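Visitor: Got a file for you: entry12.txt, compact mmCIF, N, CA and C atoms.
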# COMPACT_ATOMS: atom_id res chain seq x y z
N MET A 1200 135.03 129.39 116.22
CA MET A 1200 135.67 128.57 115.20
C MET A 1200 137.15 128.46 115.52
N ALA A 1201 137.64 127.28 115.61
CA ALA A 1201 139.06 127.05 115.90
C ALA A 1201 139.90 127.21 114.64
N THR A 1202 141.17 127.48 114.83
CA THR A 1202 142.11 127.61 113.72
C THR A 1202 142.33 126.26 113.07
N SER A 1203 142.35 126.24 111.76
CA SER A 1203 142.54 125.00 111.02
C SER A 1203 144.02 124.69 110.83
N LYS A 1204 144.32 123.42 110.69
CA LYS A 1204 145.69 122.97 110.42
C LYS A 1204 146.16 123.51 109.08
N ASP A 1205 145.27 123.57 108.10
CA ASP A 1205 145.62 124.12 106.78
C ASP A 1205 146.05 125.59 106.89
N PHE A 1206 145.36 126.35 107.72
CA PHE A 1206 145.73 127.75 107.92
C PHE A 1206 147.12 127.84 108.53
N MET A 1207 147.41 127.01 109.52
CA MET A 1207 148.73 127.04 110.15
C MET A 1207 149.83 126.63 109.18
N ASP A 1208 149.54 125.66 108.33
CA ASP A 1208 150.52 125.24 107.32
C ASP A 1208 150.80 126.37 106.33
N TYR A 1209 149.74 127.09 105.94
CA TYR A 1209 149.90 128.22 105.03
C TYR A 1209 150.72 129.33 105.69
N LEU A 1210 150.41 129.64 106.94
CA LEU A 1210 151.17 130.65 107.68
C LEU A 1210 152.64 130.24 107.78
N PHE A 1211 152.88 128.98 108.07
CA PHE A 1211 154.25 128.47 108.17
C PHE A 1211 155.01 128.73 106.86
N ASP A 1212 154.35 128.51 105.74
CA ASP A 1212 154.96 128.72 104.43
C ASP A 1212 155.18 130.19 104.11
N GLN A 1213 154.37 131.07 104.67
CA GLN A 1213 154.48 132.50 104.42
C GLN A 1213 155.68 133.12 105.15
N ILE A 1214 156.16 132.47 106.20
CA ILE A 1214 157.24 133.01 107.01
C ILE A 1214 158.58 132.54 106.46
N ASP A 1215 159.50 133.50 106.31
CA ASP A 1215 160.84 133.19 105.77
C ASP A 1215 161.50 132.05 106.52
N ASN A 1216 162.31 131.32 105.79
CA ASN A 1216 163.04 130.20 106.38
C ASN A 1216 164.35 130.63 107.05
N LYS A 1217 164.59 131.93 107.12
CA LYS A 1217 165.82 132.40 107.77
C LYS A 1217 165.76 132.24 109.28
N TRP A 1218 164.56 132.01 109.80
CA TRP A 1218 164.37 131.84 111.23
C TRP A 1218 164.07 130.38 111.57
N ASN A 1219 164.31 130.04 112.82
CA ASN A 1219 163.86 128.77 113.37
C ASN A 1219 162.39 128.99 113.74
N LYS A 1220 161.48 128.32 113.05
CA LYS A 1220 160.06 128.57 113.26
C LYS A 1220 159.33 127.29 113.63
N ARG A 1221 158.35 127.45 114.50
CA ARG A 1221 157.52 126.33 114.92
C ARG A 1221 156.24 126.89 115.53
N TYR A 1222 155.24 126.06 115.65
CA TYR A 1222 154.03 126.48 116.34
C TYR A 1222 153.59 125.40 117.28
N ARG A 1223 152.80 125.83 118.26
CA ARG A 1223 152.36 124.92 119.31
C ARG A 1223 150.89 125.19 119.61
N LYS A 1224 150.13 124.13 119.71
CA LYS A 1224 148.72 124.27 120.04
C LYS A 1224 148.60 124.58 121.52
N MET A 1225 147.82 125.62 121.82
CA MET A 1225 147.63 126.05 123.21
C MET A 1225 146.18 126.46 123.40
N PHE A 1226 145.51 125.86 124.32
CA PHE A 1226 144.13 126.22 124.66
C PHE A 1226 143.21 126.17 123.45
N GLY A 1227 143.46 125.24 122.55
CA GLY A 1227 142.62 125.09 121.36
C GLY A 1227 143.03 125.98 120.21
N GLU A 1228 143.95 126.88 120.42
CA GLU A 1228 144.45 127.75 119.37
C GLU A 1228 145.97 127.58 119.28
N TYR A 1229 146.70 128.52 118.69
CA TYR A 1229 148.12 128.32 118.44
C TYR A 1229 148.96 129.53 118.82
N MET A 1230 150.19 129.23 119.26
CA MET A 1230 151.22 130.24 119.43
C MET A 1230 152.31 129.88 118.42
N PHE A 1231 152.74 130.89 117.67
CA PHE A 1231 153.79 130.69 116.67
C PHE A 1231 155.09 131.26 117.22
N TYR A 1232 156.11 130.43 117.27
CA TYR A 1232 157.40 130.81 117.83
C TYR A 1232 158.41 131.02 116.71
N ILE A 1233 159.17 132.09 116.84
CA ILE A 1233 160.28 132.38 115.94
C ILE A 1233 161.53 132.45 116.81
N ASN A 1234 162.52 131.62 116.52
CA ASN A 1234 163.74 131.56 117.33
C ASN A 1234 163.40 131.39 118.81
N ASP A 1235 162.42 130.54 119.09
CA ASP A 1235 161.95 130.20 120.44
C ASP A 1235 161.26 131.36 121.17
N LYS A 1236 160.91 132.42 120.45
CA LYS A 1236 160.20 133.56 121.04
C LYS A 1236 158.74 133.52 120.59
N PRO A 1237 157.79 133.74 121.49
CA PRO A 1237 156.37 133.74 121.12
C PRO A 1237 156.03 135.03 120.37
N ILE A 1238 155.94 134.94 119.05
CA ILE A 1238 155.79 136.12 118.22
C ILE A 1238 154.36 136.33 117.73
N LEU A 1239 153.72 135.27 117.26
CA LEU A 1239 152.38 135.39 116.68
C LEU A 1239 151.39 134.55 117.47
N LEU A 1240 150.24 135.13 117.74
CA LEU A 1240 149.14 134.41 118.37
C LEU A 1240 148.09 134.19 117.28
N VAL A 1241 147.66 132.96 117.12
CA VAL A 1241 146.71 132.63 116.06
C VAL A 1241 145.43 132.08 116.69
N CYS A 1242 144.34 132.80 116.46
CA CYS A 1242 143.02 132.41 116.98
C CYS A 1242 142.00 132.57 115.88
N ASP A 1243 141.18 131.56 115.68
CA ASP A 1243 140.11 131.61 114.68
C ASP A 1243 140.62 132.02 113.30
N ASN A 1244 141.71 131.42 112.88
CA ASN A 1244 142.32 131.70 111.57
C ASN A 1244 142.66 133.18 111.38
N THR A 1245 143.03 133.83 112.47
CA THR A 1245 143.44 135.23 112.45
C THR A 1245 144.77 135.33 113.19
N VAL A 1246 145.71 136.11 112.63
CA VAL A 1246 147.04 136.25 113.23
C VAL A 1246 147.13 137.58 113.96
N TYR A 1247 147.50 137.51 115.24
CA TYR A 1247 147.60 138.67 116.11
C TYR A 1247 149.04 138.87 116.55
N ILE A 1248 149.42 140.16 116.71
CA ILE A 1248 150.71 140.49 117.32
C ILE A 1248 150.45 141.54 118.39
N LYS A 1249 151.36 141.57 119.36
CA LYS A 1249 151.25 142.56 120.43
C LYS A 1249 151.38 143.96 119.87
N ILE A 1250 150.70 144.90 120.48
CA ILE A 1250 150.83 146.30 120.10
C ILE A 1250 152.08 146.84 120.79
N LEU A 1251 153.13 147.01 120.00
CA LEU A 1251 154.41 147.49 120.49
C LEU A 1251 154.89 148.64 119.61
N ASP A 1252 155.64 149.56 120.20
CA ASP A 1252 156.14 150.73 119.46
C ASP A 1252 156.97 150.34 118.24
N CYS A 1253 157.73 149.27 118.34
CA CYS A 1253 158.65 148.89 117.27
C CYS A 1253 157.94 148.50 115.97
N VAL A 1254 156.66 148.17 116.04
CA VAL A 1254 155.92 147.78 114.83
C VAL A 1254 154.76 148.73 114.51
N SER A 1255 154.51 149.69 115.38
CA SER A 1255 153.32 150.54 115.18
C SER A 1255 153.35 151.30 113.86
N SER A 1256 154.51 151.77 113.43
CA SER A 1256 154.58 152.51 112.16
C SER A 1256 154.39 151.57 110.97
N LEU A 1257 154.72 150.31 111.14
CA LEU A 1257 154.57 149.33 110.05
C LEU A 1257 153.13 148.88 109.87
N VAL A 1258 152.39 148.83 110.96
CA VAL A 1258 151.04 148.24 110.92
C VAL A 1258 149.95 149.22 111.30
N GLN A 1259 150.23 150.51 111.21
CA GLN A 1259 149.25 151.50 111.64
C GLN A 1259 147.95 151.43 110.85
N LYS A 1260 147.97 150.89 109.64
CA LYS A 1260 146.76 150.77 108.84
C LYS A 1260 146.06 149.42 109.05
N GLU A 1261 146.67 148.54 109.82
CA GLU A 1261 146.09 147.23 110.06
C GLU A 1261 144.97 147.33 111.10
N SER A 1262 144.10 146.36 111.08
CA SER A 1262 143.01 146.30 112.05
C SER A 1262 143.56 145.91 113.42
N LYS A 1263 142.73 146.12 114.44
CA LYS A 1263 143.04 145.68 115.79
C LYS A 1263 141.89 144.79 116.25
N GLY A 1264 142.20 143.93 117.19
CA GLY A 1264 141.16 143.06 117.71
C GLY A 1264 141.63 142.36 118.97
N PHE A 1265 140.71 141.60 119.54
CA PHE A 1265 140.99 140.85 120.77
C PHE A 1265 141.01 139.36 120.42
N PRO A 1266 142.13 138.69 120.60
CA PRO A 1266 142.21 137.29 120.21
C PRO A 1266 141.29 136.36 121.00
N TYR A 1267 141.04 136.69 122.25
CA TYR A 1267 140.15 135.89 123.09
C TYR A 1267 139.58 136.78 124.18
N GLU A 1268 138.53 136.33 124.79
CA GLU A 1268 137.86 137.10 125.84
C GLU A 1268 138.82 137.36 127.00
N GLY A 1269 138.90 138.60 127.39
CA GLY A 1269 139.76 138.97 128.51
C GLY A 1269 141.18 139.34 128.10
N SER A 1270 141.50 139.26 126.81
CA SER A 1270 142.86 139.59 126.37
C SER A 1270 143.01 141.08 126.12
N LYS A 1271 144.24 141.51 125.98
CA LYS A 1271 144.52 142.87 125.58
C LYS A 1271 144.33 142.97 124.06
N GLU A 1272 144.13 144.20 123.59
CA GLU A 1272 143.97 144.41 122.16
C GLU A 1272 145.30 144.15 121.45
N HIS A 1273 145.24 143.57 120.26
CA HIS A 1273 146.40 143.24 119.44
C HIS A 1273 146.18 143.78 118.03
N TYR A 1274 147.28 143.91 117.28
CA TYR A 1274 147.17 144.16 115.85
C TYR A 1274 146.80 142.86 115.16
N ILE A 1275 146.04 142.96 114.09
CA ILE A 1275 145.71 141.81 113.24
C ILE A 1275 146.55 141.95 111.98
N ILE A 1276 147.31 140.92 111.66
CA ILE A 1276 148.22 140.95 110.51
C ILE A 1276 147.63 140.18 109.34
N ASP A 1277 147.69 140.79 108.17
CA ASP A 1277 147.25 140.14 106.93
C ASP A 1277 148.40 139.26 106.44
N ILE A 1278 148.25 137.96 106.54
CA ILE A 1278 149.35 137.07 106.16
C ILE A 1278 149.49 136.92 104.65
N GLU A 1279 148.56 137.47 103.89
CA GLU A 1279 148.70 137.48 102.43
C GLU A 1279 149.83 138.43 102.02
N ASP A 1280 150.11 139.45 102.84
CA ASP A 1280 151.20 140.39 102.58
C ASP A 1280 152.47 139.82 103.21
N LYS A 1281 153.13 138.97 102.46
CA LYS A 1281 154.30 138.24 102.97
C LYS A 1281 155.44 139.19 103.37
N VAL A 1282 155.63 140.26 102.62
CA VAL A 1282 156.69 141.23 102.94
C VAL A 1282 156.42 141.90 104.28
N LEU A 1283 155.19 142.37 104.48
CA LEU A 1283 154.82 142.99 105.76
C LEU A 1283 154.95 142.00 106.90
N LEU A 1284 154.42 140.80 106.72
CA LEU A 1284 154.48 139.78 107.76
C LEU A 1284 155.91 139.54 108.21
N ASN A 1285 156.82 139.36 107.28
CA ASN A 1285 158.21 139.06 107.63
C ASN A 1285 158.96 140.27 108.16
N THR A 1286 158.59 141.47 107.72
CA THR A 1286 159.18 142.69 108.26
C THR A 1286 158.77 142.87 109.72
N VAL A 1287 157.50 142.63 110.01
CA VAL A 1287 156.99 142.73 111.38
C VAL A 1287 157.68 141.69 112.27
N ILE A 1288 157.80 140.47 111.78
CA ILE A 1288 158.47 139.42 112.56
C ILE A 1288 159.91 139.82 112.85
N ASP A 1289 160.58 140.36 111.86
CA ASP A 1289 161.97 140.79 112.03
C ASP A 1289 162.10 141.80 113.16
N GLU A 1290 161.17 142.74 113.24
CA GLU A 1290 161.19 143.75 114.31
C GLU A 1290 160.84 143.14 115.67
N LEU A 1291 159.85 142.25 115.70
CA LEU A 1291 159.43 141.65 116.97
C LEU A 1291 160.51 140.73 117.55
N VAL A 1292 161.22 140.03 116.69
CA VAL A 1292 162.28 139.13 117.17
C VAL A 1292 163.35 139.91 117.94
N LYS A 1293 163.55 141.16 117.57
CA LYS A 1293 164.55 142.00 118.24
C LYS A 1293 164.17 142.37 119.67
N VAL A 1294 162.86 142.44 119.97
CA VAL A 1294 162.45 142.97 121.27
C VAL A 1294 161.73 141.98 122.19
N ILE A 1295 161.19 140.93 121.64
CA ILE A 1295 160.47 139.96 122.48
C ILE A 1295 161.47 138.94 123.03
N PRO A 1296 161.49 138.77 124.33
CA PRO A 1296 162.45 137.84 124.94
C PRO A 1296 162.00 136.38 124.83
N ILE A 1297 162.96 135.50 124.97
CA ILE A 1297 162.64 134.07 125.08
C ILE A 1297 162.03 133.86 126.45
N PRO A 1298 160.90 133.18 126.54
CA PRO A 1298 160.27 132.96 127.85
C PRO A 1298 161.19 132.18 128.79
N VAL A 1299 161.17 132.57 130.05
CA VAL A 1299 161.96 131.88 131.06
C VAL A 1299 161.09 130.76 131.63
N LYS A 1300 161.64 129.55 131.62
CA LYS A 1300 160.88 128.41 132.18
C LYS A 1300 160.87 128.52 133.68
N LYS A 1301 159.69 128.35 134.24
CA LYS A 1301 159.54 128.41 135.69
C LYS A 1301 160.01 127.10 136.31
N LYS A 1302 160.70 127.22 137.42
CA LYS A 1302 161.15 126.04 138.13
C LYS A 1302 159.99 125.48 138.94
N LYS A 1303 159.89 124.17 138.97
CA LYS A 1303 158.84 123.52 139.76
C LYS A 1303 159.19 123.61 141.23
N LYS A 1304 158.17 123.88 142.03
CA LYS A 1304 158.39 123.93 143.48
C LYS A 1304 158.41 122.50 144.00
N SER A 1305 159.33 122.23 144.88
CA SER A 1305 159.39 120.88 145.45
C SER A 1305 158.59 120.83 146.75
N GLY A 1306 158.00 119.64 146.93
CA GLY A 1306 157.31 119.32 148.16
C GLY A 1306 156.15 120.11 148.47
If you took the structure in this file and wrote it as structure tokens, what would it be?
Guide:
Amino acid sequence: MATSKDFMDYLFDQIDNKWNKRYRKMFGEYMFYINDKPILLVCDNTVYIKILDCVSSLVQKESKGFPYEGSKEHYIIDIEDKVLLNTVIDELVKVIPIPVKKKKKSG
């Protein structure tokens, strides 16, 4: 089951407006960017974040899962808990880098 546009709109509304936020459809699912950093992976109407030390104490009671076949395990975030969602984003924005665009090879 693919992620619905309604789900993405709801997630967008749950995230504080203090950040520059956007999402992009990728491989039939979505990547959610905060301040141009890939913070949330959304697959099948489920929000995933990387398992990182900076958020482990915040989400230790949250479920874990695999967003797609062959992926690493991620935390699953309950987006109904707006305070937790935004606290986790705040921590992730501090440590996740902006992706470096690869230069195209010529010839």
Visitor: Please indicate the distance in Å from atom C of Asp1280 of chain A to atom C of Tyr1267 of chain A, rounded to one decimal place.
Guide: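 Between these atoms lies a distance of 24.8 Å.
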Visitor: Using DSSP secondary structure from the backbone, list all strand (DSSP E) positions within segment 1209-1298 of chain A, as an MDAnalysis selection string.
Guide: chainID A and resid 1220:1225 1228:1233 1236:1242 1245:1249 1263:1264 1273:1276
Visitor: Please tell me which residues are no farther than 7 Å from (149.8, 131.4, 110.4) in the file, counting only N, CA and C atoms, and write them as a compact mmCIF listing (two decimals) with N, CA and C atoms, in the frame of the given file.
Guide:
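Written output follows (part_25.txt):
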# COMPACT_ATOMS: atom_id res chain seq x y z
N PHE A 1206 145.36 126.35 107.72
CA PHE A 1206 145.73 127.75 107.92
C PHE A 1206 147.12 127.84 108.53
N MET A 1207 147.41 127.01 109.52
CA MET A 1207 148.73 127.04 110.15
C MET A 1207 149.83 126.63 109.18
N ASP A 1208 149.54 125.66 108.33
CA ASP A 1208 150.52 125.24 107.32
C ASP A 1208 150.80 126.37 106.33
N TYR A 1209 149.74 127.09 105.94
CA TYR A 1209 149.90 128.22 105.03
C TYR A 1209 150.72 129.33 105.69
N LEU A 1210 150.41 129.64 106.94
CA LEU A 1210 151.17 130.65 107.68
C LEU A 1210 152.64 130.24 107.78
N PHE A 1211 152.88 128.98 108.07
CA PHE A 1211 154.25 128.47 108.17
C PHE A 1211 155.01 128.73 106.86
N VAL A 1241 147.66 132.96 117.12
CA VAL A 1241 146.71 132.63 116.06
C VAL A 1241 145.43 132.08 116.69
N THR A 1245 143.03 133.83 112.47
CA THR A 1245 143.44 135.23 112.45
C THR A 1245 144.77 135.33 113.19
N VAL A 1246 145.71 136.11 112.63
CA VAL A 1246 147.04 136.25 113.23
C VAL A 1246 147.13 137.58 113.96
Visitor: Skipping near chain neighbours, those fewer than 3 positions away, what residues fall within 8 Å of Asp1277 of chain A using only N, CA and C atoms, listed as a list in words?
Guide: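 Result of the neighbour search: Thr1245, Val1246, Tyr1247, Glu1261, Ser1262, Tyr1274, Asp1280, Lys1281, Leu1283 and Leu1284 of chain A.
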Visitor: Could you check how far atom CA of Val1254 of chain A sits from atom CA of Gly1227 of chain A, in Å to one decimal?
Guide: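 Value for the atom CA of Val1254 of chain A-atom CA of Gly1227 of chain A distance: 27.1 Å.
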Visitor: Mind pulling up the distance from atom N of Lys1249 of chain A to atom C of Lys1303 of chain A?
Guide: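 The value is 29.4 Å.
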Visitor: Just asking: which residues within chain A are alpha helix (DSSP H) according to DSSP, as a count of residues only?
Guide: 28
Visitor: Which polymer residues, whether protein, DNA or RNA, lie within 7 Å of the coordinate (147.9, 133.5, 121.3) when you count only N, CA and C atoms? List them as a ChimeraX atom specification, using the chain letters and numbers from the file.
Guide: /A:1228-1231,1239-1242,1266
Visitor: Kindly list the centre and edge lengths in Å, rounded to one decimal, for the axis-aligned box that covers all listed atoms of segment 1206-1209 of chain A plus 3 Å on each of its six sides, as JSON.
Guide:
{"center_x": 148.1, "center_y": 127.3, "center_z": 107.6, "size_x": 11.4, "size_y": 10.1, "size_z": 11.1}
Visitor: I need the residue nearest Lys1300 of chain A from this list: A:Lys1224, A:Asp1235, A:Ser1270, A:Val1258. Use only C-alpha atoms for the distance.
Guide: A:Asp1235
